[in-house]
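> The structure under discussion is supplied below as C-alpha cells; questions concerning it will follow.
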Amino acid sequence: MTQVRDEWFRPSGNDTDEKEAVVRPSLSYWKDAWRRLKQNKLAMLGLIFLALLAVMAIFGPIFSPHSVTTQDLPNQNQSPSATHWFGTDEAGRDVFTRTWYGARISLFVGLMAALIDFVIGIVYGGIAGYKGGKIDAVMMRIIEILYGLPYLLVVILLLVVMGPSLWTIILALTITGWVGMARIVRGQVLQVKNYEFVTASKSFGAKTPRIIRKNLIPNSMGPIIVQMTLTVPSAIFAEAFLSFLGLGIQAPFASWGVMANDALPVIITGDWWRLFFPALFISLTMFAFNVLGDGLQDALDPKMRK
Amino acid sequence: MGKYILKRFLMMLVTIFIIATLTFFLMHAVPGSPLESDRNTNETVQANLERFYKLDQPLHIQYLSYMQSIVTFDFGPSIKDPNRTVNELLARGFPISFELGMITILVAVVSGIILGTMAALRHNKMIDYAAMAFAVIGISIPNFVLATVLIQQLAVNWNLFPPATWTSPMHMVLPVLALATGPMAIIARLTRSSMLEVLTQDYIKMARAKGIKPMRIVLRHALRNALMPVVTIMGTLLAGILTGTFVIEKIFAIPGMGKYFVDSINNRDYPVIMGTTVFYSAFLIFMLFLVDIVYGILDPRIKLHKKEGDV
Amino acid sequence: MTGKQIAEELARTRLEDGADLDAVDHTGKRGKIVQAKKRKTVTDERILSVQDLHVTFNTYGGTVQAVRGVNFDLYKGETLAIVGESGCGKSVTSNAIMGLIQQPPGKIKSKGVHFKTQDLTKLSKKEMRKIQGVDISMIFQDPMTALNPTLTIGEQLTEGVKQHKNLSKAEAKERAIDMLKLVGIPNPDERLKQYPHQFSGGMRQRIVIAIALICEPELLIADEPTTALDVTIQAQILELFEEIQAKTGVSIILITHDLGVVAKIADRIAVMYAGKVIETGDKREIFYNPQHPYTKGLLTSVPRLDLAGGELKPIDGTPPDLFAPPSGCAFAARCPFSMDVCTNVYPEVTTLSETHKVDCWLQDPRAQKLIDEQAFAR
C-alpha cells in the first residue's frame, strides 16, 4: 500500500474544458475505411494482384514478341518453353500473349457489366427509394418479376438471337443484371432516409447536397461498392460459361473462357498448359475480387469504426 | 398462409407468362424466319414446322397458337433431328439432368450447412480458418475448371473414377463434385456468417441462461434462424446449378437435357432452344415458388412481414 | 420514470416505514435510522456472495477491464439494485455471476462468487448448467429480442423445466400454464401455441419472466427489465416483480440505470462506476444520504420535485477509458471535489453503517478539514 501523504489532500481543480476534449482524432470516412482495408492482408493481396493483372492486360501483349492472332502451325501445341512461356495452342499461337489479351477482354466484360449495373441500379433504385409510395411499389413489383427470371437462360436466349460479340455479351449480361444493384440502392436510400441523424441534420437546415455527401454516401456506398466488386467476377464467370456453350467471344480473339473451352479436347492428351493458364487466371481473378469484396465489406461498414 | 401461397402462385404464373412471351418475340426477332435454317433441314420438316407454328399466319395468331402449345405442353419437332419432338428430348434428357441437379443440391446443402455451422461454432479456430479458406477457393474456381481438373487428376491420372457418362453411382461422383463445390462454398459461408450473427442474439443468451444443453441450443434455437438467409438464396443457387448442368453434362458427356440444349444452341435448333428455355424457366420458377413456401414454413413471422410491406 | 414518481415512491415508503430520515446529518456520520418494516421478508440467510470479482476482455484494441474488483452480498428475499451509467460494468457483473461470459475473449478472476455454498467460478460448464435457469435465472433487457422468433412460447417455457426437472410433456405444459397465469397472461392454454411476434412488448416481458421463474429459482437477475418498455407497462412489470417476490421469496438483483425503478422496488443499492462498486447502502441511505460525489451527481441529474431548487445538474465529462483505467479513483477526473490523492491512490472502503459503505477519500479526516474550510470551488 502506498503511503498516503497529507499534502496530497488539496483540491486539484478539475478543468471542465479538458473533460470535454475529444479523445480520438477524427478521420474522414474514406481515410478510415482505407486504414482498415490495409489491415486486411488477404484483401490487400487481392488488390495488388488485380493491379498487376490490369498492368499486364494493358502492356503484356505489347511487350510480348508474339502476336495474338498470327498462326504458326509448325509450332502447334508446344509445351511451355523459353520462347513460349505458357506454350502454344493448336494453331501455334502464343498462350502467354493470348492470356494477357484474354485478361483484357475478361476484365473489360466484368468491369463494363459492373459499371452499367451500377448506373442503372443507382438511377432505378434511387428513384424507387427516394419517391416511395405508389411509384416505389410499381417499380419493386417489376423488379420482383425480373428477379424471378432465370438469369443465364435469358442471357443465352439473347445471345442466340443477337449473335455473340463483345458488346452483345455485355448487353446480355446487364439486361437483367442490374436488378440486384437496384434493390440494394433502394434499400440503402430507404434506410438512410429514415435515420434519425438525417432528420437531425435536416432540422439543422442542412441542404440536400450536403445530406447526400455527408450522410447518404458514407452510409450507403459500402454495400454498393461491395456489390460492384462481386459483380465483376460473376460477369467474368458468366462470360467464360457462355464460351462453353459456344456463345463466347469469337475467334481469332479470345477471352479466358474461350481459351479454356478450346483446350477441353486436348486436356486428356496431356496438353495441360492450354487449360491451366486461362483457368488459373479466371480462378485467381475471381478469388482476388471475392477477398477484396469481403475486405471492403468490413472496411466500409460505418458501424465497424472503432 | 393460404393467402400467401396463392399470391406467390399467381406471381409464378405471371413470371412464366413473361418468360414465354419474351422467348417468342426474341425468336421472332431473329433475322428471317426462325425456322429457315440452311442446316439439316429438308422440305418436309420445314413444311411441318411452318404448319405447327402457323408461320404463314399474322403474328398475333402465331403468338396465340404458341401459347396454346405451351399450355398443352407441346413444343413441336426438332429441326436437327426431325424424327424427334422436343417433348421426346425432354422426356429422355430431363430425368438425368434432374437427377444430377438434385443430388448436387442435396450434397451442397447438407455439406455446406455442416461446414458453415462447424466454422461458426469454432469461430477463429483452425476449423473455421480451414473451412473458410476452402469456401473462398470453392467460390473462386469455376465449375468447368474444377470438372476438367477432376477428370485429369482423379480419372485419368489416378484412375479412381470413370471420366465420363452417367451409368453408375461411381460415374456420378465427379460431375456432382464439380457442380456442388461452388454452391456448397456459398452455403458454408452464408451459414457461418448468419450463424455467428444468430449466436450473439439475446434469445441464444437467454437459452444459455436457462442452462439448455449446447447441442440443443445449436440445433433447436440457432440453426433454424441461421438458415433463413440460406433459404433465400436457394433460388439463385438452384438456377446456378441448373444452368451449370449444361456445361457439366457437356464435359462429362452425360446424355441429359443440358447436352441437347448446348447442341441445339450450336445448331441454332430454334424449336429445341425455345422449348427447353421455356420448360427450364418454368421449372426454375416453380422451384422458387417452393423455396418461398419453405421460407414461410420456417419463419412463423412471414404473415406479419407481408402485412408490414416489403422490406 | 420521472422524478415525480420517484418522489411519490419515496414518500410512500417513508410513510409506511415511519422512518425519520431528516435526522441524518450530511457530514457523513449517521444519525439513528429506524429499521424499516418490510412488506416482504428479507432474511439474513446469505444467498450470494461476490468477492473481488474481476472481468477482463481481450479485444483487438487491447484488454478492457470491464469489472475491477466488485464485492457485494445478497440475502434471501432481498432486492439489490446495481445502478450506474452504461458501460460501468453492471451487466458484465451479472453475466459473470450467471456464467454467460464467453472465455475467451473474457476472463474472470475473483476470490469467489459463492451461491450458497458453491463457488460458481469453480464449476465446470456442465455443473453450471444445473444451476442456470434452475437456481439462478436471468431476465433480459429487450423482450423483443430475448424470445426466439421461430419457437412457440410453449416450447420456450417448457424446455428448461423438461430438461432440468425431468417432467413429462403434460406436466411441463401444466406448469407452463400456471406460470403464464402467475405473470398475468389471459388464455394461457391457447397462448402456448403462439409465437413471440403475436404478443405485445409488455406481454413478451411477462413471458420472459415466466420462463425465468418456471424452475422456481432462488435468485433472479434482471438486467434492465423495464428499459425497453413503455412507462405504463414499466409500472405493471415492477408490480409483478414485487408480487412474485412476496409469493415466492426469490432474491432479485436488479441491474438498471433508472433510479425511478430503484426507488420503487429495491431494498439495497450498489452504485457502480468504471467497474467498481463505489457506494452501497439501503435505499434510504443512498437516496437521502449519498456520500460519494458520483452518487450525489447521479441523484441530482434526475428530475426531482421534492427537493428545493429543483435544478438539474448533469455530471460533466465522460467515463474513463477502461483499456487503461486510472490507478486512483476513476471518478477523480470528473469529480468537483477531487484532490491530488484521488488520482494517485484508490480509497479504502469506509463503513458508515452496517449497510452503508463508500469508497471515497472525502471520508478521510484530512479531507473533512478541507470541506469545513470550503476549499472546493463548487
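Labels for the C-alpha cells follow display order: chains A, B, ..., residues from 1 in each chain, ligands from 1.
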Counting only C-alpha atoms, which residues of chain A come no farther than 7 Å from chain B, as a list in words?
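Applying the cut-off to the listed atoms yields Ile145, Gly148, Leu149, Pro150, Leu152, Leu153, Val160, Val161, Phe237, Phe244, Leu245, Gly246, Ile268, Ala279, Ser283, Met286 and Phe287 of chain A.
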> Could you please take those selected residues and save C-alpha atoms as a PDB file, in the first residue's frame?

```
ATOM      1  CA  ILE A 145     -40.752 -10.279 -61.693  1.00  0.00           C
ATOM      2  CA  GLY A 148     -37.768 -14.385 -60.919  1.00  0.00           C
ATOM      3  CA  LEU A 149     -36.448 -14.767 -64.467  1.00  0.00           C
ATOM      4  CA  PRO A 150     -33.617 -17.276 -64.730  1.00  0.00           C
ATOM      5  CA  LEU A 152     -28.389 -17.210 -67.510  1.00  0.00           C
ATOM      6  CA  LEU A 153     -31.267 -18.608 -69.566  1.00  0.00           C
ATOM      7  CA  VAL A 160     -28.688 -16.838 -79.595  1.00  0.00           C
ATOM      8  CA  VAL A 161     -30.775 -14.083 -81.125  1.00  0.00           C
ATOM      9  CA  PHE A 237     -17.624 -16.304 -64.795  1.00  0.00           C
ATOM     10  CA  PHE A 244     -18.512 -23.215 -73.131  1.00  0.00           C
ATOM     11  CA  LEU A 245     -21.907 -23.059 -74.797  1.00  0.00           C
ATOM     12  CA  GLY A 246     -20.300 -21.685 -77.948  1.00  0.00           C
ATOM     13  CA  ILE A 268      -6.892 -35.787 -71.885  1.00  0.00           C
ATOM     14  CA  ALA A 279      -8.278 -21.477 -65.809  1.00  0.00           C
ATOM     15  CA  SER A 283      -9.771 -18.579 -60.640  1.00  0.00           C
ATOM     16  CA  MET A 286     -12.395 -14.417 -59.049  1.00  0.00           C
ATOM     17  CA  PHE A 287     -10.509 -15.142 -55.835  1.00  0.00           C
TER      18      PHE A 287
END
```
> Using only C-alpha atoms, which protein or nucleic acid residues come within 12 Å of Trp34 of chain A? Drop anything in the same chain fewer than 2 positions from it, and give the result as a ChimeraX atom specification.
/A:27-32,36-40,43-44,295-301,305
> Can you check which residues of chain C have any atom within 8 Å of chain A? Use only C-alpha atoms and format it as a PyMOL selection string.
chain C and resi 316-318+333-341+345+366-367+370+375-377
> Suppose we keep C-alpha atoms; can you now write the selection as a PDB file, in the first residue's frame?

```pdb
ATOM      1  CA  ASP C 316     -19.547  16.815 -16.523  1.00  0.00           C
ATOM      2  CA  GLY C 317     -17.137  14.789 -18.604  1.00  0.00           C
ATOM      3  CA  THR C 318     -17.136  11.183 -19.777  1.00  0.00           C
ATOM      4  CA  ALA C 333     -11.240  13.408 -13.392  1.00  0.00           C
ATOM      5  CA  ARG C 334     -14.927  14.360 -13.279  1.00  0.00           C
ATOM      6  CA  CYS C 335     -15.235  14.982  -9.578  1.00  0.00           C
ATOM      7  CA  PRO C 336     -15.773  18.548  -8.358  1.00  0.00           C
ATOM      8  CA  PHE C 337     -14.156  17.584  -5.022  1.00  0.00           C
ATOM      9  CA  SER C 338     -11.133  15.799  -6.428  1.00  0.00           C
ATOM     10  CA  MET C 339      -7.854  16.075  -4.576  1.00  0.00           C
ATOM     11  CA  ASP C 340      -4.336  15.100  -5.576  1.00  0.00           C
ATOM     12  CA  VAL C 341      -4.667  11.916  -3.582  1.00  0.00           C
ATOM     13  CA  VAL C 345      -4.433   6.096  -4.763  1.00  0.00           C
ATOM     14  CA  ARG C 366      -7.831  15.146   6.414  1.00  0.00           C
ATOM     15  CA  ALA C 367     -10.380  15.865   3.672  1.00  0.00           C
ATOM     16  CA  LEU C 370     -10.957  20.992   3.504  1.00  0.00           C
ATOM     17  CA  ALA C 375     -11.661  24.914  -0.040  1.00  0.00           C
ATOM     18  CA  PHE C 376     -13.533  23.468  -3.029  1.00  0.00           C
ATOM     19  CA  ALA C 377     -14.560  25.895  -5.700  1.00  0.00           C
TER      20      ALA C 377
END
```
> Tell me, counting only C-alpha atoms, for each residue of chain C within 10 Å of chain B, which pair of atoms is nearest and how far apart they are in Å to one decimal, in rows ordered by chain and increasing number, as a Markdown table.

```
| residue | atom | partner | partner_atom | distance |
| --- | --- | --- | --- | --- |
| C:Asn95 | CA | B:Ala209 | CA | 9.0 |
| C:Met98 | CA | B:Ala209 | CA | 6.8 |
| C:Gly99 | CA | B:Ala209 | CA | 7.8 |
| C:Leu100 | CA | B:Ala209 | CA | 6.9 |
| C:Ile101 | CA | B:Lys205 | CA | 10.0 |
| C:Lys125 | CA | B:Gly211 | CA | 9.4 |
| C:Lys126 | CA | B:Lys213 | CA | 8.5 |
| C:Glu127 | CA | B:Gly211 | CA | 9.7 |
| C:Met128 | CA | B:Gly211 | CA | 7.6 |
| C:Arg129 | CA | B:Gly211 | CA | 4.3 |
| C:Lys130 | CA | B:Gly211 | CA | 6.6 |
| C:Ile131 | CA | B:Gly211 | CA | 7.2 |
| C:Gln132 | CA | B:Gly211 | CA | 4.6 |
| C:Gly133 | CA | B:Lys210 | CA | 4.0 |
| C:Val134 | CA | B:Lys210 | CA | 7.4 |
| C:Asp135 | CA | B:Lys210 | CA | 10.0 |
| C:Ile136 | CA | B:Ala209 | CA | 8.5 |
| C:Ser137 | CA | B:Ala209 | CA | 6.6 |
| C:Met138 | CA | B:Ala209 | CA | 6.3 |
| C:Ile139 | CA | B:Met206 | CA | 7.8 |
| C:Phe140 | CA | B:Met206 | CA | 7.4 |
| C:Gln141 | CA | B:Asp202 | CA | 9.0 |
| C:Asp142 | CA | B:Asp202 | CA | 8.1 |
| C:Pro143 | CA | B:Asp202 | CA | 9.0 |
| C:Met144 | CA | B:Asp202 | CA | 9.2 |
| C:Thr145 | CA | B:Asp202 | CA | 5.6 |
| C:Ala146 | CA | B:Tyr203 | CA | 4.2 |
| C:Leu147 | CA | B:Tyr203 | CA | 5.1 |
| C:Asn148 | CA | B:Tyr203 | CA | 5.3 |
| C:Pro149 | CA | B:Pro300 | CA | 7.5 |
| C:Thr150 | CA | B:Asp299 | CA | 6.0 |
| C:Leu151 | CA | B:His221 | CA | 7.8 |
| C:Thr152 | CA | B:Pro300 | CA | 9.2 |
| C:Gln156 | CA | B:Ala207 | CA | 8.5 |
| C:Leu157 | CA | B:Lys210 | CA | 9.9 |
| C:Glu159 | CA | B:Ile212 | CA | 7.8 |
| C:Gly160 | CA | B:Lys210 | CA | 6.1 |
| C:Val161 | CA | B:Lys210 | CA | 9.2 |
| C:Gln163 | CA | B:Ile212 | CA | 7.4 |
| C:His164 | CA | B:Gly211 | CA | 8.3 |
| C:Gln194 | CA | B:Pro300 | CA | 9.4 |
| C:Tyr195 | CA | B:Pro300 | CA | 7.1 |
| C:Pro196 | CA | B:Arg301 | CA | 8.9 |
| C:His197 | CA | B:Arg301 | CA | 6.6 |
| C:Gln198 | CA | B:Arg301 | CA | 8.6 |
| C:Val208 | CA | B:Met206 | CA | 9.1 |
| C:Ile211 | CA | B:Lys210 | CA | 8.3 |
| C:Ala212 | CA | B:Lys210 | CA | 7.4 |
| C:Cys215 | CA | B:Lys210 | CA | 9.4 |
```
> Using only C-alpha atoms, find the one residue out of A:Trp100, A:Phe241, A:Tyr130, A:Phe253 that sits nearest to Lys193 of chain A.
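Of A:Trp100, A:Phe241, A:Tyr130, A:Phe253, the one nearest Lys193 of chain A, counting only C-alpha atoms, is A:Tyr130.
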> Need to verify the contact set: Ser220 of chain A, 8 Å, only C-alpha atoms, exclusion of same-chain residues closer than 3 positions in sequence. Can you return it as a ChimeraX atom specification?
/A:185,188-189,192,216-217,223-224
> Within segment 27-237 of chain C, find each residue whose DSSP state, derived from the backbone, is helix (DSSP H, G or I), and express the selection as a short mmCIF file (atom, residue, chain, number, x, y, z; two decimals) with N, CA and C atoms, in the first residue's frame.

```
data_model
loop_
_atom_site.label_atom_id
_atom_site.label_comp_id
_atom_site.auth_asym_id
_atom_site.auth_seq_id
_atom_site.Cartn_x
_atom_site.Cartn_y
_atom_site.Cartn_z
N LYS C 90 -22.04 -3.05 -14.98
CA LYS C 90 -23.10 -3.71 -14.21
C LYS C 90 -23.64 -4.95 -14.92
N SER C 91 -23.79 -4.85 -16.25
CA SER C 91 -24.28 -6.03 -16.98
C SER C 91 -23.23 -7.13 -17.01
N VAL C 92 -21.96 -6.73 -17.14
CA VAL C 92 -20.89 -7.73 -17.16
C VAL C 92 -20.86 -8.48 -15.83
N THR C 93 -21.06 -7.74 -14.75
CA THR C 93 -21.10 -8.39 -13.43
C THR C 93 -22.19 -9.45 -13.39
N SER C 94 -23.39 -9.10 -13.88
CA SER C 94 -24.48 -10.06 -13.80
C SER C 94 -24.22 -11.24 -14.73
N ASN C 95 -23.66 -10.96 -15.92
CA ASN C 95 -23.34 -12.06 -16.82
C ASN C 95 -22.29 -12.99 -16.22
N ALA C 96 -21.35 -12.41 -15.48
CA ALA C 96 -20.31 -13.22 -14.86
C ALA C 96 -20.91 -14.15 -13.80
N ILE C 97 -21.82 -13.63 -13.01
CA ILE C 97 -22.47 -14.47 -12.00
C ILE C 97 -23.23 -15.59 -12.68
N MET C 98 -23.90 -15.24 -13.77
CA MET C 98 -24.76 -16.18 -14.48
C MET C 98 -23.95 -17.19 -15.29
N LEU C 120 -19.30 -20.48 -7.79
CA LEU C 120 -19.73 -20.59 -9.19
C LEU C 120 -18.55 -20.55 -10.16
N THR C 121 -17.48 -19.84 -9.78
CA THR C 121 -16.35 -19.71 -10.70
C THR C 121 -15.56 -21.01 -10.80
N LYS C 122 -15.79 -21.92 -9.88
CA LYS C 122 -15.03 -23.17 -9.90
C LYS C 122 -15.78 -24.29 -10.61
N LYS C 125 -18.65 -26.21 -17.00
CA LYS C 125 -19.80 -25.74 -17.76
C LYS C 125 -21.01 -26.62 -17.51
N LYS C 126 -20.75 -27.92 -17.40
CA LYS C 126 -21.83 -28.88 -17.22
C LYS C 126 -22.49 -28.69 -15.85
N GLU C 127 -21.65 -28.51 -14.82
CA GLU C 127 -22.18 -28.29 -13.47
C GLU C 127 -22.95 -26.97 -13.42
N MET C 128 -22.41 -25.98 -14.15
CA MET C 128 -23.05 -24.66 -14.16
C MET C 128 -24.45 -24.74 -14.77
N ARG C 129 -24.58 -25.60 -15.80
CA ARG C 129 -25.89 -25.74 -16.45
C ARG C 129 -26.96 -26.25 -15.49
N PRO C 143 -37.43 -7.51 -24.42
CA PRO C 143 -38.26 -8.70 -24.64
C PRO C 143 -38.50 -8.96 -26.12
N MET C 144 -38.24 -7.95 -26.97
CA MET C 144 -38.45 -8.16 -28.39
C MET C 144 -37.38 -9.09 -28.96
N THR C 145 -36.21 -9.14 -28.35
CA THR C 145 -35.14 -9.98 -28.89
C THR C 145 -34.82 -11.18 -28.00
N ALA C 146 -35.36 -11.18 -26.79
CA ALA C 146 -34.98 -12.25 -25.86
C ALA C 146 -35.72 -13.55 -26.14
N ILE C 153 -43.99 -20.07 -27.77
CA ILE C 153 -43.62 -19.71 -26.40
C ILE C 153 -43.80 -20.90 -25.47
N GLY C 154 -44.69 -21.82 -25.86
CA GLY C 154 -44.86 -23.04 -25.07
C GLY C 154 -43.56 -23.82 -25.00
N GLU C 155 -42.92 -23.97 -26.15
CA GLU C 155 -41.67 -24.72 -26.17
C GLU C 155 -40.58 -23.98 -25.37
N GLN C 156 -40.55 -22.65 -25.53
CA GLN C 156 -39.53 -21.89 -24.82
C GLN C 156 -39.74 -21.93 -23.31
N LEU C 157 -41.03 -22.02 -22.92
CA LEU C 157 -41.32 -22.11 -21.49
C LEU C 157 -40.94 -23.47 -20.92
N THR C 158 -41.29 -24.52 -21.66
CA THR C 158 -41.20 -25.85 -21.07
C THR C 158 -39.83 -26.50 -21.25
N GLU C 159 -39.02 -26.04 -22.21
CA GLU C 159 -37.80 -26.81 -22.50
C GLU C 159 -36.88 -26.87 -21.28
N GLY C 160 -36.80 -25.75 -20.53
CA GLY C 160 -35.93 -25.75 -19.36
C GLY C 160 -36.42 -26.72 -18.30
N VAL C 161 -37.71 -26.66 -18.02
CA VAL C 161 -38.25 -27.48 -16.94
C VAL C 161 -38.24 -28.95 -17.32
N LYS C 162 -38.39 -29.21 -18.63
CA LYS C 162 -38.33 -30.60 -19.09
C LYS C 162 -36.91 -31.16 -18.91
N GLN C 163 -35.92 -30.32 -19.26
CA GLN C 163 -34.54 -30.80 -19.16
C GLN C 163 -34.08 -30.92 -17.71
N HIS C 164 -34.40 -29.88 -16.91
CA HIS C 164 -33.83 -29.85 -15.55
C HIS C 164 -34.60 -30.71 -14.57
N LYS C 165 -35.93 -30.72 -14.71
CA LYS C 165 -36.73 -31.39 -13.68
C LYS C 165 -37.32 -32.70 -14.16
N LYS C 169 -44.23 -34.27 -20.77
CA LYS C 169 -44.76 -33.21 -21.61
C LYS C 169 -45.99 -32.56 -20.96
N ALA C 170 -46.88 -33.44 -20.47
CA ALA C 170 -48.14 -32.93 -19.91
C ALA C 170 -47.87 -32.14 -18.63
N GLU C 171 -46.98 -32.67 -17.79
CA GLU C 171 -46.66 -31.96 -16.54
C GLU C 171 -46.03 -30.60 -16.84
N ALA C 172 -45.13 -30.60 -17.82
CA ALA C 172 -44.46 -29.35 -18.18
C ALA C 172 -45.46 -28.33 -18.69
N LYS C 173 -46.41 -28.83 -19.46
CA LYS C 173 -47.41 -27.93 -20.03
C LYS C 173 -48.26 -27.32 -18.90
N GLU C 174 -48.64 -28.18 -17.97
CA GLU C 174 -49.43 -27.72 -16.84
C GLU C 174 -48.69 -26.62 -16.08
N ARG C 175 -47.41 -26.89 -15.86
CA ARG C 175 -46.55 -25.94 -15.17
C ARG C 175 -46.49 -24.61 -15.93
N ALA C 176 -46.35 -24.73 -17.26
CA ALA C 176 -46.25 -23.53 -18.10
C ALA C 176 -47.52 -22.70 -17.99
N ILE C 177 -48.66 -23.39 -18.00
CA ILE C 177 -49.94 -22.67 -17.90
C ILE C 177 -50.02 -21.95 -16.56
N ASP C 178 -49.60 -22.63 -15.49
CA ASP C 178 -49.58 -21.99 -14.17
C ASP C 178 -48.73 -20.74 -14.18
N MET C 179 -47.55 -20.84 -14.83
CA MET C 179 -46.63 -19.70 -14.86
C MET C 179 -47.25 -18.53 -15.61
N LEU C 180 -47.87 -18.82 -16.75
CA LEU C 180 -48.49 -17.74 -17.52
C LEU C 180 -49.60 -17.08 -16.72
N LYS C 181 -50.33 -17.88 -15.94
CA LYS C 181 -51.36 -17.31 -15.08
C LYS C 181 -50.71 -16.38 -14.05
N LEU C 182 -49.60 -16.87 -13.48
CA LEU C 182 -48.91 -16.10 -12.44
C LEU C 182 -48.47 -14.73 -12.96
N PRO C 188 -53.99 -18.78 -21.19
CA PRO C 188 -52.67 -19.39 -21.32
C PRO C 188 -52.68 -20.65 -22.18
N ASP C 189 -53.78 -21.39 -22.14
CA ASP C 189 -53.84 -22.64 -22.89
C ASP C 189 -53.57 -22.43 -24.37
N GLU C 190 -54.26 -21.41 -24.94
CA GLU C 190 -54.09 -21.13 -26.37
C GLU C 190 -52.79 -20.40 -26.64
N ARG C 191 -52.44 -19.53 -25.72
CA ARG C 191 -51.25 -18.71 -25.93
C ARG C 191 -49.98 -19.53 -26.07
N PRO C 196 -43.70 -15.62 -30.52
CA PRO C 196 -43.46 -14.34 -29.85
C PRO C 196 -44.03 -13.13 -30.59
N HIS C 197 -44.00 -13.15 -31.94
CA HIS C 197 -44.45 -11.94 -32.64
C HIS C 197 -45.94 -11.69 -32.46
N GLN C 198 -46.64 -12.68 -31.91
CA GLN C 198 -48.09 -12.48 -31.70
C GLN C 198 -48.40 -11.83 -30.36
N GLY C 201 -45.09 -6.00 -26.51
CA GLY C 201 -43.84 -5.90 -25.76
C GLY C 201 -44.00 -6.24 -24.28
N GLY C 202 -45.03 -5.69 -23.66
CA GLY C 202 -45.24 -5.92 -22.24
C GLY C 202 -45.55 -7.39 -21.96
N MET C 203 -46.37 -7.98 -22.85
CA MET C 203 -46.72 -9.40 -22.74
C MET C 203 -45.46 -10.26 -22.86
N ARG C 204 -44.61 -9.87 -23.81
CA ARG C 204 -43.40 -10.66 -24.01
C ARG C 204 -42.52 -10.62 -22.78
N GLN C 205 -42.44 -9.44 -22.15
CA GLN C 205 -41.61 -9.37 -20.95
C GLN C 205 -42.21 -10.24 -19.85
N ARG C 206 -43.53 -10.30 -19.80
CA ARG C 206 -44.16 -11.19 -18.82
C ARG C 206 -43.79 -12.64 -19.11
N ILE C 207 -43.75 -12.99 -20.41
CA ILE C 207 -43.38 -14.36 -20.77
C ILE C 207 -41.93 -14.63 -20.38
N VAL C 208 -41.07 -13.65 -20.65
CA VAL C 208 -39.66 -13.82 -20.28
C VAL C 208 -39.55 -14.06 -18.77
N ILE C 209 -40.34 -13.32 -18.01
CA ILE C 209 -40.31 -13.51 -16.56
C ILE C 209 -40.83 -14.90 -16.20
N ALA C 210 -41.90 -15.33 -16.89
CA ALA C 210 -42.44 -16.67 -16.63
C ALA C 210 -41.38 -17.73 -16.92
N ILE C 211 -40.64 -17.56 -18.02
CA ILE C 211 -39.59 -18.53 -18.37
C ILE C 211 -38.53 -18.55 -17.28
N ALA C 212 -38.18 -17.37 -16.79
CA ALA C 212 -37.14 -17.29 -15.77
C ALA C 212 -37.58 -17.95 -14.47
N LEU C 213 -38.87 -17.93 -14.23
CA LEU C 213 -39.35 -18.40 -12.92
C LEU C 213 -39.83 -19.84 -12.92
N VAL C 231 -43.74 3.47 -20.34
CA VAL C 231 -43.78 3.83 -18.93
C VAL C 231 -44.91 3.13 -18.19
N THR C 232 -46.09 3.07 -18.81
CA THR C 232 -47.22 2.44 -18.12
C THR C 232 -46.97 0.95 -17.91
N ILE C 233 -46.37 0.33 -18.94
CA ILE C 233 -46.08 -1.11 -18.84
C ILE C 233 -45.00 -1.33 -17.78
N GLN C 234 -44.02 -0.39 -17.72
CA GLN C 234 -42.95 -0.49 -16.73
C GLN C 234 -43.52 -0.67 -15.33
N ALA C 235 -44.48 0.18 -15.00
CA ALA C 235 -45.06 0.13 -13.66
C ALA C 235 -45.70 -1.24 -13.41
N GLN C 236 -46.41 -1.76 -14.42
CA GLN C 236 -47.05 -3.07 -14.27
C GLN C 236 -46.03 -4.16 -14.01
N ILE C 237 -44.93 -4.11 -14.78
CA ILE C 237 -43.91 -5.15 -14.66
C ILE C 237 -43.26 -5.07 -13.27
#
```
> Interatomic distance between atom CA of Leu89 of chain B and atom CA of Pro271 of chain B?
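A separation of 11.3 Å between them.
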> Excluding same-chain residues fewer than 4 positions from Asp74 of chain B, what lies within 7 Å of it counting only C-alpha atoms, as a list of chain:residue names?
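So the residues in contact are B:Ser69, B:Ile70, B:Asn87.
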> List the neighbours of Gln363 of chain C out to 10 Å using only C-alpha atoms; skip same-chain residues closer than 4 positions along the sequence, and give me the result as a CSV table (one decimal) with C-alpha atoms, in the first residue's frame.

```
chain,number,residue,atom,x,y,z
C,27,THR,CA,-21.3,15.2,7.2
C,28,GLY,CA,-21.3,11.5,6.7
C,29,LYS,CA,-21.9,10.5,10.2
C,291,GLN,CA,-21.7,10.1,0.3
C,292,HIS,CA,-19.9,9.5,-2.9
C,347,PRO,CA,-9.6,5.0,-1.5
C,348,GLU,CA,-10.2,2.2,1.0
C,349,VAL,CA,-13.8,1.4,1.9
C,350,THR,CA,-15.3,3.5,4.7
C,351,THR,CA,-18.1,1.7,6.6
C,352,LEU,CA,-20.7,4.2,7.7
C,358,VAL,CA,-18.4,4.1,0.4
C,359,ASP,CA,-15.1,4.3,-1.4
C,367,ALA,CA,-10.4,15.9,3.7
C,368,GLN,CA,-13.0,16.8,6.2
```
> Enter the distance from atom CA of Glu144 of chain A to atom CA of Leu64 of chain B, in Å, rounded to one decimal.
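Computing the Euclidean distance for atom CA of Glu144 of chain A and atom CA of Leu64 of chain B yields 25.9 Å.
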> Find the residues around Asn124 of chain B up to 12 Å (only C-alpha atoms counted), leave out those fewer than 5 positions away in its own chain, and share them as a list of chain:residue names.
B:Met118, B:Ala119, B:Tyr129, B:Ala130, B:Ala131, B:Met132, B:Arg192, B:Leu196, C:Pro104, C:Pro105
> Emit the selected residues as a compact mmCIF listing (two decimals), in the first residue's frame, including N, CA and C atoms.

```txt
# COMPACT_ATOMS: atom_id res chain seq x y z
N MET B 118 -20.04 -25.69 -38.32
CA MET B 118 -18.82 -26.04 -37.58
C MET B 118 -17.87 -24.85 -37.51
N ALA B 119 -17.75 -24.14 -38.63
CA ALA B 119 -16.86 -22.98 -38.66
C ALA B 119 -17.33 -21.93 -37.65
N TYR B 129 -10.85 -21.37 -39.94
CA TYR B 129 -9.96 -20.88 -41.00
C TYR B 129 -9.92 -21.85 -42.18
N ALA B 130 -9.81 -23.15 -41.87
CA ALA B 130 -9.73 -24.15 -42.94
C ALA B 130 -11.01 -24.14 -43.77
N ALA B 131 -12.16 -24.12 -43.08
CA ALA B 131 -13.43 -24.15 -43.80
C ALA B 131 -13.58 -22.91 -44.68
N MET B 132 -13.18 -21.76 -44.15
CA MET B 132 -13.37 -20.54 -44.93
C MET B 132 -12.37 -20.44 -46.07
N ARG B 192 -22.18 -19.79 -42.01
CA ARG B 192 -21.25 -19.36 -40.97
C ARG B 192 -21.58 -17.95 -40.50
N LEU B 196 -23.01 -17.01 -36.89
CA LEU B 196 -22.27 -16.15 -35.96
C LEU B 196 -23.16 -15.03 -35.46
N PRO C 104 -12.24 -17.73 -23.93
CA PRO C 104 -12.02 -16.33 -24.24
C PRO C 104 -13.16 -15.77 -25.10
N PRO C 105 -13.23 -14.47 -25.34
CA PRO C 105 -12.28 -13.41 -25.04
C PRO C 105 -12.33 -12.94 -23.58
```
